[in-house]
file start.pdb (PDB, C-alpha atoms and all ligand atoms)
ATOM      1  CA  MET A   1     -16.246 -25.364   2.457
ATOM      2  CA  ILE A   2     -12.854 -24.218   1.303
ATOM      3  CA  ASP A   3     -11.211 -20.796   1.302
ATOM      4  CA  SER A   4      -8.037 -20.195  -0.699
ATOM      5  CA  HIS A   5      -7.205 -16.590   0.140
ATOM      6  CA  SER A   6      -7.000 -14.644   3.415
ATOM      7  CA  HIS A   7      -4.852 -12.186   5.328
ATOM      8  CA  SER A   8      -3.829 -12.005   8.980
ATOM      9  CA  LYS A   9      -2.105  -9.219  10.900
ATOM     10  CA  PHE A  10       1.109 -10.135   9.112
ATOM     11  CA  SER A  11      -0.346  -8.213   6.153
ATOM     12  CA  HIS A  12      -0.371  -4.421   6.469
ATOM     13  CA  ASP A  13      -4.177  -4.301   6.197
ATOM     14  CA  GLY A  14      -4.963  -7.433   8.255
ATOM     15  CA  ARG A  15      -6.715  -7.324  11.618
ATOM     16  CA  VAL A  16      -6.541 -10.786  13.181
ATOM     17  CA  SER A  17      -3.852 -13.218  14.297
ATOM     18  CA  ILE A  18      -3.223 -16.343  12.206
ATOM     19  CA  GLU A  19      -4.195 -18.510  15.185
ATOM     20  CA  LYS A  20      -7.618 -16.884  15.408
ATOM     21  CA  LEU A  21      -8.233 -17.262  11.675
ATOM     22  CA  ILE A  22      -7.354 -20.953  11.812
ATOM     23  CA  ALA A  23      -9.526 -21.541  14.872
ATOM     24  CA  ARG A  24     -12.454 -19.936  13.046
ATOM     25  CA  ALA A  25     -11.844 -22.010   9.885
ATOM     26  CA  GLU A  26     -11.939 -25.153  12.032
ATOM     27  CA  GLU A  27     -15.075 -23.992  13.782
ATOM     28  CA  MET A  28     -16.701 -23.477  10.381
ATOM     29  CA  GLY A  29     -15.736 -27.030   9.413
ATOM     30  CA  MET A  30     -13.657 -26.010   6.403
ATOM     31  CA  ASN A  31     -11.807 -28.746   4.500
ATOM     32  CA  TYR A  32      -9.170 -26.349   3.365
ATOM     33  CA  TYR A  33      -8.132 -22.925   4.533
ATOM     34  CA  ALA A  34      -5.271 -20.835   3.161
ATOM     35  CA  VAL A  35      -3.470 -17.919   4.784
ATOM     36  CA  THR A  36      -1.975 -15.873   1.945
ATOM     37  CA  GLU A  37      -0.215 -12.756   3.210
ATOM     38  CA  HIS A  38       0.396  -9.738   1.000
ATOM     39  CA  LEU A  39       3.829  -9.763  -0.553
ATOM     40  CA  ASP A  40       3.405  -6.322  -2.036
ATOM     41  CA  ARG A  41       6.831  -5.700  -3.466
ATOM     42  CA  ASP A  42       5.015  -3.885  -6.306
ATOM     43  CA  TYR A  43       4.168  -1.193  -3.722
ATOM     44  CA  LYS A  44       7.857  -0.375  -3.419
ATOM     45  CA  PHE A  45       7.503   1.176  -6.857
ATOM     46  CA  ALA A  46       4.139   2.848  -6.296
ATOM     47  CA  LYS A  47       3.795   6.551  -5.629
ATOM     48  CA  ARG A  48       1.606   6.461  -2.535
ATOM     49  CA  GLU A  49       1.976   2.892  -1.354
ATOM     50  CA  ARG A  50       5.752   2.706  -1.114
ATOM     51  CA  PHE A  51       5.481   3.754   2.551
ATOM     52  CA  ILE A  52       3.130   0.909   3.477
ATOM     53  CA  ARG A  53       4.530  -1.704   5.856
ATOM     54  CA  GLN A  54       6.006  -4.597   3.887
ATOM     55  CA  LEU A  55       5.664  -8.239   4.894
ATOM     56  CA  ASN A  56       8.597  -9.507   6.914
ATOM     57  CA  LEU A  57       8.916 -12.773   5.027
ATOM     58  CA  LYS A  58      11.420 -14.362   7.431
ATOM     59  CA  ARG A  59       9.214 -13.675  10.428
ATOM     60  CA  TYR A  60       6.167 -15.009   8.590
ATOM     61  CA  LEU A  61       7.999 -18.192   7.584
ATOM     62  CA  ARG A  62       9.089 -18.745  11.181
ATOM     63  CA  LYS A  63       5.450 -18.468  12.245
ATOM     64  CA  VAL A  64       4.407 -20.901   9.511
ATOM     65  CA  GLU A  65       6.998 -23.409  10.728
ATOM     66  CA  LYS A  66       5.778 -23.065  14.294
ATOM     67  CA  ILE A  67       2.113 -23.592  13.438
ATOM     68  CA  ARG A  68       2.872 -26.519  11.145
ATOM     69  CA  SER A  69       4.871 -28.200  13.910
ATOM     70  CA  GLN A  70       1.878 -27.919  16.237
ATOM     71  CA  ARG A  71      -0.453 -29.706  13.786
ATOM     72  CA  ASP A  72      -0.288 -33.446  13.158
ATOM     73  CA  GLY A  73      -1.859 -33.411   9.694
ATOM     74  CA  ASN A  74      -4.925 -35.431  10.726
ATOM     75  CA  GLU A  75      -7.111 -32.422  11.440
ATOM     76  CA  LYS A  76     -10.256 -32.027   9.339
ATOM     77  CA  THR A  77      -9.067 -28.621   8.140
ATOM     78  CA  TYR A  78      -5.961 -28.583   6.002
ATOM     79  CA  VAL A  79      -4.288 -25.253   6.739
ATOM     80  CA  ALA A  80      -2.263 -23.981   3.808
ATOM     81  CA  PHE A  81       0.259 -21.159   3.902
ATOM     82  CA  GLY A  82       1.199 -18.918   1.056
ATOM     83  CA  VAL A  83       1.588 -15.401  -0.216
ATOM     84  CA  GLU A  84      -0.210 -13.087  -2.586
ATOM     85  CA  ALA A  85       2.500 -11.638  -4.830
ATOM     86  CA  GLY A  86       1.464  -8.328  -6.372
ATOM     87  CA  TYR A  87       2.948  -8.174  -9.831
ATOM     88  CA  CYS A  88       4.480  -5.175 -11.523
ATOM     89  CA  PRO A  89       7.358  -5.351 -14.017
ATOM     90  CA  LYS A  90       9.859  -4.178 -11.384
ATOM     91  CA  SER A  91       8.678  -6.507  -8.609
ATOM     92  CA  ALA A  92       9.158  -9.641 -10.736
ATOM     93  CA  PRO A  93      12.939 -10.004 -10.187
ATOM     94  CA  ILE A  94      12.426  -9.529  -6.436
ATOM     95  CA  TYR A  95       9.943 -12.414  -6.347
ATOM     96  CA  GLU A  96      12.307 -14.569  -8.383
ATOM     97  CA  ARG A  97      14.808 -14.206  -5.558
ATOM     98  CA  GLU A  98      12.446 -14.231  -2.597
ATOM     99  CA  LEU A  99      10.134 -17.064  -3.605
ATOM    100  CA  ALA A 100      12.809 -19.479  -4.811
ATOM    101  CA  GLY A 101      12.808 -22.653  -2.743
ATOM    102  CA  LEU A 102      10.280 -21.495  -0.134
ATOM    103  CA  ASP A 103       8.280 -24.227   1.563
ATOM    104  CA  LEU A 104       4.826 -22.779   0.877
ATOM    105  CA  ASP A 105       1.559 -24.373  -0.231
ATOM    106  CA  VAL A 106       0.316 -21.735  -2.598
ATOM    107  CA  VAL A 107       1.301 -18.535  -4.377
ATOM    108  CA  ILE A 108      -1.359 -16.136  -5.633
ATOM    109  CA  ASN A 109      -0.430 -13.918  -8.574
ATOM    110  CA  SER A 110      -2.259 -10.603  -8.537
ATOM    111  CA  ILE A 111      -2.302  -7.115 -10.021
ATOM    112  CA  HIS A 112      -3.077  -4.153  -7.758
ATOM    113  CA  THR A 113      -1.091  -1.359  -9.366
ATOM    114  CA  ILE A 114      -0.939   0.119 -12.835
ATOM    115  CA  ASP A 115       2.018   2.376 -13.649
ATOM    116  CA  GLY A 116       2.694   3.007  -9.956
ATOM    117  CA  GLY A 117      -0.889   3.698  -8.865
ATOM    118  CA  ASP A 118      -3.181   1.408  -6.868
ATOM    119  CA  VAL A 119      -6.513   1.051  -8.658
ATOM    120  CA  TYR A 120      -8.079   0.671  -5.213
ATOM    121  CA  PHE A 121      -8.302   4.459  -5.025
ATOM    122  CA  LYS A 122     -11.097   6.093  -6.932
ATOM    123  CA  ASP A 123      -9.293   9.396  -7.452
ATOM    124  CA  TRP A 124      -6.523   7.561  -9.281
ATOM    125  CA  PHE A 125      -8.895   7.241 -12.248
ATOM    126  CA  ASN A 126      -9.340  11.008 -12.565
ATOM    127  CA  GLY A 127      -8.585  12.182 -16.071
ATOM    128  CA  LYS A 128      -7.680   8.718 -17.337
ATOM    129  CA  GLU A 129      -9.378   7.102 -20.325
ATOM    130  CA  GLN A 130     -11.086   3.779 -19.710
ATOM    131  CA  ASP A 131      -9.618   2.208 -22.834
ATOM    132  CA  TYR A 132      -6.118   3.165 -21.828
ATOM    133  CA  ILE A 133      -6.491   1.818 -18.295
ATOM    134  CA  TYR A 134      -8.283  -1.397 -19.216
ATOM    135  CA  ASN A 135      -5.767  -2.192 -21.939
ATOM    136  CA  ARG A 136      -2.872  -1.519 -19.542
ATOM    137  CA  TYR A 137      -4.522  -3.724 -16.938
ATOM    138  CA  LEU A 138      -5.072  -6.588 -19.366
ATOM    139  CA  ASP A 139      -1.521  -6.278 -20.735
ATOM    140  CA  LEU A 140      -0.173  -6.460 -17.187
ATOM    141  CA  ILE A 141      -2.130  -9.638 -16.498
ATOM    142  CA  ILE A 142      -0.793 -11.180 -19.714
ATOM    143  CA  GLU A 143       2.763 -10.266 -18.652
ATOM    144  CA  SER A 144       2.217 -11.546 -15.125
ATOM    145  CA  LEU A 145       1.231 -14.989 -16.395
ATOM    146  CA  ASP A 146       4.686 -15.446 -17.911
ATOM    147  CA  VAL A 147       6.794 -14.597 -14.859
ATOM    148  CA  ASN A 148       9.810 -16.697 -13.937
ATOM    149  CA  TYR A 149       8.655 -17.519 -10.408
ATOM    150  CA  HIS A 150       6.151 -20.167  -9.463
ATOM    151  CA  TYR A 151       2.517 -19.285  -8.873
ATOM    152  CA  ASP A 152      -0.664 -21.344  -8.666
ATOM    153  CA  ILE A 153      -3.667 -19.004  -8.629
ATOM    154  CA  VAL A 154      -4.542 -15.947 -10.720
ATOM    155  CA  ALA A 155      -6.243 -13.460  -8.404
ATOM    156  CA  HIS A 156      -9.378 -11.373  -8.813
ATOM    157  CA  ILE A 157      -9.407 -10.791 -12.595
ATOM    158  CA  GLY A 158     -11.316  -7.535 -13.001
ATOM    159  CA  TYR A 159      -9.873  -5.822  -9.904
ATOM    160  CA  VAL A 160      -9.576  -2.664 -11.998
ATOM    161  CA  THR A 161     -13.362  -2.556 -12.420
ATOM    162  CA  ARG A 162     -14.109  -2.401  -8.668
ATOM    163  CA  TYR A 163     -13.888   1.350  -8.278
ATOM    164  CA  ALA A 164     -13.753   2.371 -11.910
ATOM    165  CA  PRO A 165     -16.008   5.416 -12.436
ATOM    166  CA  TYR A 166     -17.096   4.541 -15.985
ATOM    167  CA  GLU A 167     -20.585   4.025 -17.323
ATOM    168  CA  ASN A 168     -19.924   0.447 -18.350
ATOM    169  CA  VAL A 169     -17.254  -1.023 -16.083
ATOM    170  CA  SER A 170     -17.375  -4.527 -17.594
ATOM    171  CA  LEU A 171     -14.211  -6.037 -19.022
ATOM    172  CA  MET A 172     -16.334  -8.209 -21.304
ATOM    173  CA  GLN A 173     -16.809  -5.569 -23.982
ATOM    174  CA  ASP A 174     -16.061  -6.478 -27.609
ATOM    175  CA  LYS A 175     -12.964  -4.307 -27.734
ATOM    176  CA  TYR A 176     -11.306  -6.192 -24.849
ATOM    177  CA  LEU A 177     -12.331  -9.735 -25.731
ATOM    178  CA  GLU A 178      -9.219 -10.521 -27.742
ATOM    179  CA  LYS A 179      -7.012  -9.835 -24.739
ATOM    180  CA  ILE A 180      -9.378 -11.660 -22.381
ATOM    181  CA  ASP A 181      -9.058 -14.729 -24.597
ATOM    182  CA  ILE A 182      -5.266 -14.480 -24.590
ATOM    183  CA  ILE A 183      -5.366 -14.420 -20.766
ATOM    184  CA  LEU A 184      -7.804 -17.314 -20.417
ATOM    185  CA  LYS A 185      -6.000 -19.488 -22.957
ATOM    186  CA  LYS A 186      -2.678 -18.861 -21.228
ATOM    187  CA  ILE A 187      -4.141 -19.825 -17.848
ATOM    188  CA  ILE A 188      -5.530 -23.038 -19.332
ATOM    189  CA  GLU A 189      -2.328 -23.874 -21.197
ATOM    190  CA  LYS A 190      -0.258 -23.347 -18.033
ATOM    191  CA  ASP A 191      -2.777 -25.293 -15.926
ATOM    192  CA  LYS A 192      -3.192 -22.444 -13.425
ATOM    193  CA  THR A 193      -6.331 -21.698 -11.394
ATOM    194  CA  ILE A 194      -8.693 -18.720 -11.490
ATOM    195  CA  GLU A 195     -10.046 -17.585  -8.139
ATOM    196  CA  ILE A 196     -13.582 -16.361  -7.606
ATOM    197  CA  ASN A 197     -12.976 -13.544  -5.127
ATOM    198  CA  THR A 198     -15.831 -12.249  -2.950
ATOM    199  CA  HIS A 199     -13.919  -9.352  -1.350
ATOM    200  CA  ILE A 200     -15.974  -6.779  -3.207
ATOM    201  CA  LYS A 201     -18.422  -4.196  -1.952
ATOM    202  CA  ASP A 202     -20.745  -4.252  -4.960
ATOM    203  CA  GLU A 203     -23.500  -6.507  -3.631
ATOM    204  CA  LYS A 204     -25.110  -6.934  -7.063
ATOM    205  CA  LEU A 205     -22.078  -8.550  -8.638
ATOM    206  CA  GLY A 206     -20.801 -10.001  -5.386
ATOM    207  CA  PHE A 207     -17.546 -11.403  -6.735
ATOM    208  CA  LEU A 208     -14.827 -11.214  -9.371
ATOM    209  CA  PRO A 209     -14.348 -12.189 -12.179
ATOM    210  CA  GLU A 210     -17.719 -11.325 -13.691
ATOM    211  CA  ILE A 211     -19.921 -14.235 -14.820
ATOM    212  CA  PRO A 212     -19.465 -13.798 -18.618
ATOM    213  CA  LEU A 213     -15.712 -14.083 -18.125
ATOM    214  CA  LEU A 214     -16.109 -17.286 -16.124
ATOM    215  CA  LYS A 215     -18.413 -18.640 -18.829
ATOM    216  CA  ARG A 216     -15.859 -17.854 -21.506
ATOM    217  CA  TYR A 217     -13.154 -19.595 -19.458
ATOM    218  CA  TYR A 218     -15.356 -22.687 -19.207
ATOM    219  CA  GLU A 219     -16.163 -22.548 -22.925
ATOM    220  CA  LEU A 220     -12.455 -22.522 -23.759
ATOM    221  CA  GLY A 221     -11.952 -25.622 -21.611
ATOM    222  CA  GLY A 222     -10.913 -24.040 -18.306
ATOM    223  CA  ARG A 223     -11.935 -26.108 -15.295
ATOM    224  CA  ASN A 224      -9.623 -24.883 -12.517
ATOM    225  CA  ILE A 225     -11.417 -22.449 -10.252
ATOM    226  CA  THR A 226     -11.151 -21.843  -6.544
ATOM    227  CA  PHE A 227     -13.061 -19.917  -3.902
ATOM    228  CA  SER A 228     -11.442 -16.891  -2.229
ATOM    229  CA  SER A 229     -13.040 -14.707   0.412
ATOM    230  CA  ASP A 230      -9.804 -12.661   0.511
ATOM    231  CA  THR A 231     -10.879 -11.867   4.047
ATOM    232  CA  HIS A 232      -8.944  -9.576   6.362
ATOM    233  CA  ARG A 233     -11.347 -10.253   9.262
ATOM    234  CA  LEU A 234     -13.035 -13.142  11.057
ATOM    235  CA  ASP A 235     -16.611 -12.348  10.059
ATOM    236  CA  THR A 236     -16.098 -12.561   6.291
ATOM    237  CA  MET A 237     -14.337 -15.892   6.104
ATOM    238  CA  GLY A 238     -16.142 -18.002   3.515
ATOM    239  CA  PHE A 239     -18.165 -14.908   2.545
ATOM    240  CA  ARG A 240     -20.791 -15.635  -0.199
ATOM    241  CA  TYR A 241     -19.506 -19.196  -0.551
ATOM    242  CA  ASP A 242     -22.946 -20.649  -1.362
ATOM    243  CA  ARG A 243     -23.614 -18.001  -3.979
ATOM    244  CA  VAL A 244     -20.314 -18.728  -5.705
ATOM    245  CA  VAL A 245     -20.928 -22.491  -5.710
ATOM    246  CA  LYS A 246     -24.381 -21.946  -7.193
ATOM    247  CA  VAL A 247     -23.078 -19.736  -9.998
ATOM    248  CA  ALA A 248     -20.147 -22.060 -10.681
ATOM    249  CA  LYS A 249     -22.486 -25.053 -10.923
ATOM    250  CA  GLU A 250     -24.794 -23.198 -13.280
ATOM    251  CA  ILE A 251     -21.881 -22.547 -15.615
ATOM    252  CA  GLY A 252     -20.903 -26.227 -15.506
ATOM    253  CA  PHE A 253     -18.022 -26.388 -13.042
ATOM    254  CA  THR A 254     -18.031 -29.421 -10.751
ATOM    255  CA  HIS A 255     -15.244 -28.687  -8.289
ATOM    256  CA  PHE A 256     -12.835 -26.242  -6.759
ATOM    257  CA  VAL A 257      -9.086 -26.658  -6.890
ATOM    258  CA  THR A 258      -6.909 -26.159  -3.803
ATOM    259  CA  TYR A 259      -3.144 -26.317  -3.413
ATOM    260  CA  ARG A 260      -1.165 -28.301  -0.888
ATOM    261  CA  LYS A 261       2.579 -27.802  -1.354
ATOM    262  CA  HIS A 262       1.714 -26.509  -4.832
ATOM    263  CA  GLN A 263      -0.009 -29.798  -5.708
ATOM    264  CA  LYS A 264      -3.545 -29.520  -7.032
ATOM    265  CA  VAL A 265      -6.269 -31.144  -4.953
ATOM    266  CA  ILE A 266      -9.793 -31.460  -6.383
ATOM    267  CA  GLU A 267     -12.578 -30.491  -3.977
ATOM    268  CA  GLU A 268     -15.963 -31.621  -5.356
ATOM    269  CA  PHE A 269     -18.881 -29.281  -4.694
TER
HETATM  270 ZN    ZN B 301      -5.407  -8.841  -4.012
HETATM  271 ZN    ZN B 302      -5.736 -10.547  -0.903
END

call {"tool": "encode", "arguments": {"input": "start.pdb", "output": "C-alpha cells", "more": "lines below"}}
Ligand SMILES: [Zn+2]
Ligand SMILES: [Zn+2]
result
Amino acid sequence: MIDSHSHSKFSHDGRVSIEKLIARAEEMGMNYYAVTEHLDRDYKFAKRERFIRQLNLKRYLRKVEKIRSQRDGNEKTYVAFGVEAGYCPKSAPIYERELAGLDLDVVINSIHTIDGGDVYFKDWFNGKEQDYIYNRYLDLIIESLDVNYHYDIVAHIGYVTRYAPYENVSLMQDKYLEKIDIILKKIIEKDKTIEINTHIKDEKLGFLPEIPLLKRYYELGGRNITFSSDTHRLDTMGFRYDRVVKVAKEIGFTHFVTYRKHQKVIEEF
C-alpha cells in the first residue's frame, strides 16, 4: 500500500501529530507514505477563509528535518514530506518565493477556491450557473498547470463537483470535454501525476476524478496516477485503497507513481 496525500495537526484542519500518522503507516505496512500539509496561501485572498490559520512553513520544515534525522532510510515505509499548494492567480508568486529550493519530496498542486470562494461550502453555489462555475474551475486548473514553481501531483480533479447542487454534477459532459482534454494533455506532456483522491463523502463515487475522466486520461496515453486518502485522521489512512486499485486495473493502469525528492518511483500494483 502507498498513500501520497495526508495532513497532520500542522494543517489547520488536521487532528493528529505527524509521529502518530507515521507510526500508523508503518503498522499498516505501507511502502510509501506522504505527509502533505496545506499551504493554503490562496486562502489569504478568499473572503471567508483568509482568517484560517496558515501553515508555519519554517516550523514544519524544522519538524521534517528532525524526523528525517531519526530515520536511517532502511525502514520498510518510506516517509515523504511535502505540501499541498492551493492555487489561485494571486497565490502563485508567493509559492514561487516560498517553495524555491525547499528540500521536500513532493508538491501537490490543487484548486480549492474560485474567485475567492471555497467550493467546499454548499451555499457558495447559490445563484451561480453551473456552466460559469465549471468553466472557471477548468480554466483555473489549466492555469495552475503552467505555474513557475515545481509541483509533482495534480490533486482531486473534480473537487468542484463534490458539493455542487446541480442535477448532473459530472465534469464529463460534452460541453466541458474540450477543456478536460487540454488539462489531460498538459499533464501528460509535462509528465505530472494525477491523484485518485478518496477523501469524498459520496459513497457511490468514492473518489475523484470520476472514472470516465481517468479512462480518457489513459486513452490519451496518461499512465501516471497515484493513490491519495487525503486523510486528516488516523482511521482513514489508505481509505478505499483496494477499490481504487481495482478500478485502476480495470482501466488498464499497472502501477502507482510516488515521489521521493521529486523523483518518480514506480510502485507496481
Ligand atoms: Zn485538497
Ligand atoms: Zn489535502

call {"tool": "residues_near_point", "arguments": {"input": "start.pdb", "point": "(-17.0, -14.8, 12.6)", "cutoff": "12 Å", "atoms": "all atoms listed in the file", "output": "MDAnalysis selection string"}}
result
chainID A and resid 16 20:28 231:239

call {"tool": "residues_around", "arguments": {"input": "start.pdb", "residues": "Glu143 in chain A", "least_positions_apart": "2", "cutoff": "10 Å", "atoms": "all atoms listed in the file", "output": "CSV table (one decimal) with C-alpha atoms, keeping the file's coordinate frame"}}
result
chain,number,residue,atom,x,y,z
A,87,TYR,CA,2.9,-8.2,-9.8
A,88,CYS,CA,4.5,-5.2,-11.5
A,89,PRO,CA,7.4,-5.4,-14.0
A,137,TYR,CA,-4.5,-3.7,-16.9
A,138,LEU,CA,-5.1,-6.6,-19.4
A,139,ASP,CA,-1.5,-6.3,-20.7
A,140,LEU,CA,-0.2,-6.5,-17.2
A,141,ILE,CA,-2.1,-9.6,-16.5
A,145,LEU,CA,1.2,-15.0,-16.4
A,146,ASP,CA,4.7,-15.4,-17.9
A,147,VAL,CA,6.8,-14.6,-14.9
A,183,ILE,CA,-5.4,-14.4,-20.8

call {"tool": "resolve_selection", "arguments": {"input": "start.pdb", "expression": "the PyMOL selection byres (((chain A and resi 266) around 7) and not hetatm)", "output": "count of residues only"}}
result
8

call {"tool": "closest_atom_pairs", "arguments": {"input": "start.pdb", "of": "chain A", "to": "ligand ZN 301 (chain B)", "cutoff": "12 Å", "atoms": "all atoms listed in the file", "output": "Markdown table"}}
result
| residue | atom | partner | partner_atom | distance |
| --- | --- | --- | --- | --- |
| A:His5 | CA | B:ZN301 | ZN | 9.0 |
| A:Ser6 | CA | B:ZN301 | ZN | 9.6 |
| A:His7 | CA | B:ZN301 | ZN | 9.9 |
| A:Ser11 | CA | B:ZN301 | ZN | 11.4 |
| A:Asp13 | CA | B:ZN301 | ZN | 11.2 |
| A:Thr36 | CA | B:ZN301 | ZN | 9.8 |
| A:Glu37 | CA | B:ZN301 | ZN | 9.7 |
| A:His38 | CA | B:ZN301 | ZN | 7.7 |
| A:Leu39 | CA | B:ZN301 | ZN | 9.9 |
| A:Asp40 | CA | B:ZN301 | ZN | 9.4 |
| A:Asp42 | CA | B:ZN301 | ZN | 11.8 |
| A:Val83 | CA | B:ZN301 | ZN | 10.3 |
| A:Glu84 | CA | B:ZN301 | ZN | 6.9 |
| A:Ala85 | CA | B:ZN301 | ZN | 8.4 |
| A:Gly86 | CA | B:ZN301 | ZN | 7.3 |
| A:Tyr87 | CA | B:ZN301 | ZN | 10.2 |
| A:Val107 | CA | B:ZN301 | ZN | 11.8 |
| A:Ile108 | CA | B:ZN301 | ZN | 8.5 |
| A:Asn109 | CA | B:ZN301 | ZN | 8.4 |
| A:Ser110 | CA | B:ZN301 | ZN | 5.8 |
| A:Ile111 | CA | B:ZN301 | ZN | 7.0 |
| A:His112 | CA | B:ZN301 | ZN | 6.4 |
| A:Thr113 | CA | B:ZN301 | ZN | 10.2 |
| A:Asp118 | CA | B:ZN301 | ZN | 10.9 |
| A:Val119 | CA | B:ZN301 | ZN | 11.0 |
| A:Tyr120 | CA | B:ZN301 | ZN | 10.0 |
| A:Ile153 | CA | B:ZN301 | ZN | 11.3 |
| A:Val154 | CA | B:ZN301 | ZN | 9.8 |
| A:Ala155 | CA | B:ZN301 | ZN | 6.4 |
| A:His156 | CA | B:ZN301 | ZN | 6.7 |
| A:Ile157 | CA | B:ZN301 | ZN | 9.7 |
| A:Gly158 | CA | B:ZN301 | ZN | 10.8 |
| A:Tyr159 | CA | B:ZN301 | ZN | 8.0 |
| A:Val160 | CA | B:ZN301 | ZN | 10.9 |
| A:Arg162 | CA | B:ZN301 | ZN | 11.8 |
| A:Glu195 | CA | B:ZN301 | ZN | 10.7 |
| A:Ile196 | CA | B:ZN301 | ZN | 11.7 |
| A:Asn197 | CA | B:ZN301 | ZN | 9.0 |
| A:Thr198 | CA | B:ZN301 | ZN | 11.0 |
| A:His199 | CA | B:ZN301 | ZN | 8.9 |
| A:Ile200 | CA | B:ZN301 | ZN | 10.8 |
| A:Leu208 | CA | B:ZN301 | ZN | 11.1 |
| A:Ser228 | CA | B:ZN301 | ZN | 10.2 |
| A:Ser229 | CA | B:ZN301 | ZN | 10.6 |
| A:Asp230 | CA | B:ZN301 | ZN | 7.4 |
| A:Thr231 | CA | B:ZN301 | ZN | 10.2 |
| A:His232 | CA | B:ZN301 | ZN | 11.0 |

call {"tool": "axis_aligned_box", "arguments": {"input": "start.pdb", "around": "range 95-98 of chain A", "padding_each_side": "4 Å", "output": "lines of an AutoDock Vina configuration file"}}
result
center_x = 12.4
center_y = -13.5
center_z = -5.5
size_x = 12.9
size_y = 10.2
size_z = 13.8

call {"tool": "residues_around", "arguments": {"input": "start.pdb", "residues": "Val106 in chain A", "least_positions_apart": "3", "cutoff": "8 Å", "atoms": "only C-alpha atoms", "output": "CSV table (one decimal) with C-alpha atoms, in the coordinates of the input"}}
result
chain,number,residue,atom,x,y,z
A,36,THR,CA,-2.0,-15.9,1.9
A,80,ALA,CA,-2.3,-24.0,3.8
A,81,PHE,CA,0.3,-21.2,3.9
A,82,GLY,CA,1.2,-18.9,1.1
A,83,VAL,CA,1.6,-15.4,-0.2
A,151,TYR,CA,2.5,-19.3,-8.9
A,152,ASP,CA,-0.7,-21.3,-8.7
A,153,ILE,CA,-3.7,-19.0,-8.6
A,259,TYR,CA,-3.1,-26.3,-3.4
A,260,ARG,CA,-1.2,-28.3,-0.9
A,261,LYS,CA,2.6,-27.8,-1.4
A,262,HIS,CA,1.7,-26.5,-4.8

call {"tool": "closest_residue", "arguments": {"input": "start.pdb", "among": "A:Lys186, A:Arg243, A:Arg15, A:Lys175", "to": "Ser144 in chain A", "atoms": "only C-alpha atoms"}}
result
A:Lys186

call {"tool": "residues_around", "arguments": {"input": "start.pdb", "residues": "Glu98 in chain A", "least_positions_apart": "3", "cutoff": "10 Å", "atoms": "all atoms listed in the file", "output": "list in words"}}
result
Leu39, Leu57, Ala92, Pro93, Ile94, Tyr95, Gly101, Leu102 and Tyr149 of chain A

call {"tool": "atom_distance", "arguments": {"input": "start.pdb", "atom1": "CA of Ile211 in chain A", "atom2": "CA of Asp3 in chain A"}}
result
19.5 Å

call {"tool": "atom_distance", "arguments": {"input": "start.pdb", "atom1": "CA of Gly252 in chain A", "atom2": "CA of Gly206 in chain A"}}
result
19.1 Å

call {"tool": "resolve_selection", "arguments": {"input": "start.pdb", "expression": "the PyMOL selection byres (((chain A and resi 33) around 7) and not hetatm)", "output": "ChimeraX atom specification"}}
result
/A:2-4,25,30-32,34-35,77-80

call {"tool": "residues_around", "arguments": {"input": "start.pdb", "residues": "Glu250 in chain A", "least_positions_apart": "4", "cutoff": "12 Å", "atoms": "only C-alpha atoms", "output": "count of residues only"}}
result
9

call {"tool": "atom_distance", "arguments": {"input": "start.pdb", "atom1": "CA of Ile225 in chain A", "atom2": "CA of Tyr132 in chain A"}}
result
28.6 Å

call {"tool": "closest_residue", "arguments": {"input": "start.pdb", "among": "A:Arg50, A:Lys179, A:Lys190, A:Lys185", "to": "Tyr134 in chain A", "atoms": "only C-alpha atoms"}}
result
A:Lys179

call {"tool": "closest_residue", "arguments": {"input": "start.pdb", "among": "A:Ile67, A:Phe45, A:Leu61, A:Met1", "to": "Ile114 in chain A", "atoms": "all atoms listed in the file"}}
result
A:Phe45

call {"tool": "closest_residue", "arguments": {"input": "start.pdb", "among": "A:Asp191, A:Asp242, A:Glu19, A:Glu210", "to": "Ser170 in chain A", "atoms": "only C-alpha atoms"}}
result
A:Glu210

call {"tool": "closest_residue", "arguments": {"input": "start.pdb", "among": "A:Thr161, A:Asn56, A:Asn168, A:Ser8", "to": "ligand ZN 302 (chain B)", "atoms": "only C-alpha atoms and all ligand atoms"}}
result
A:Ser8
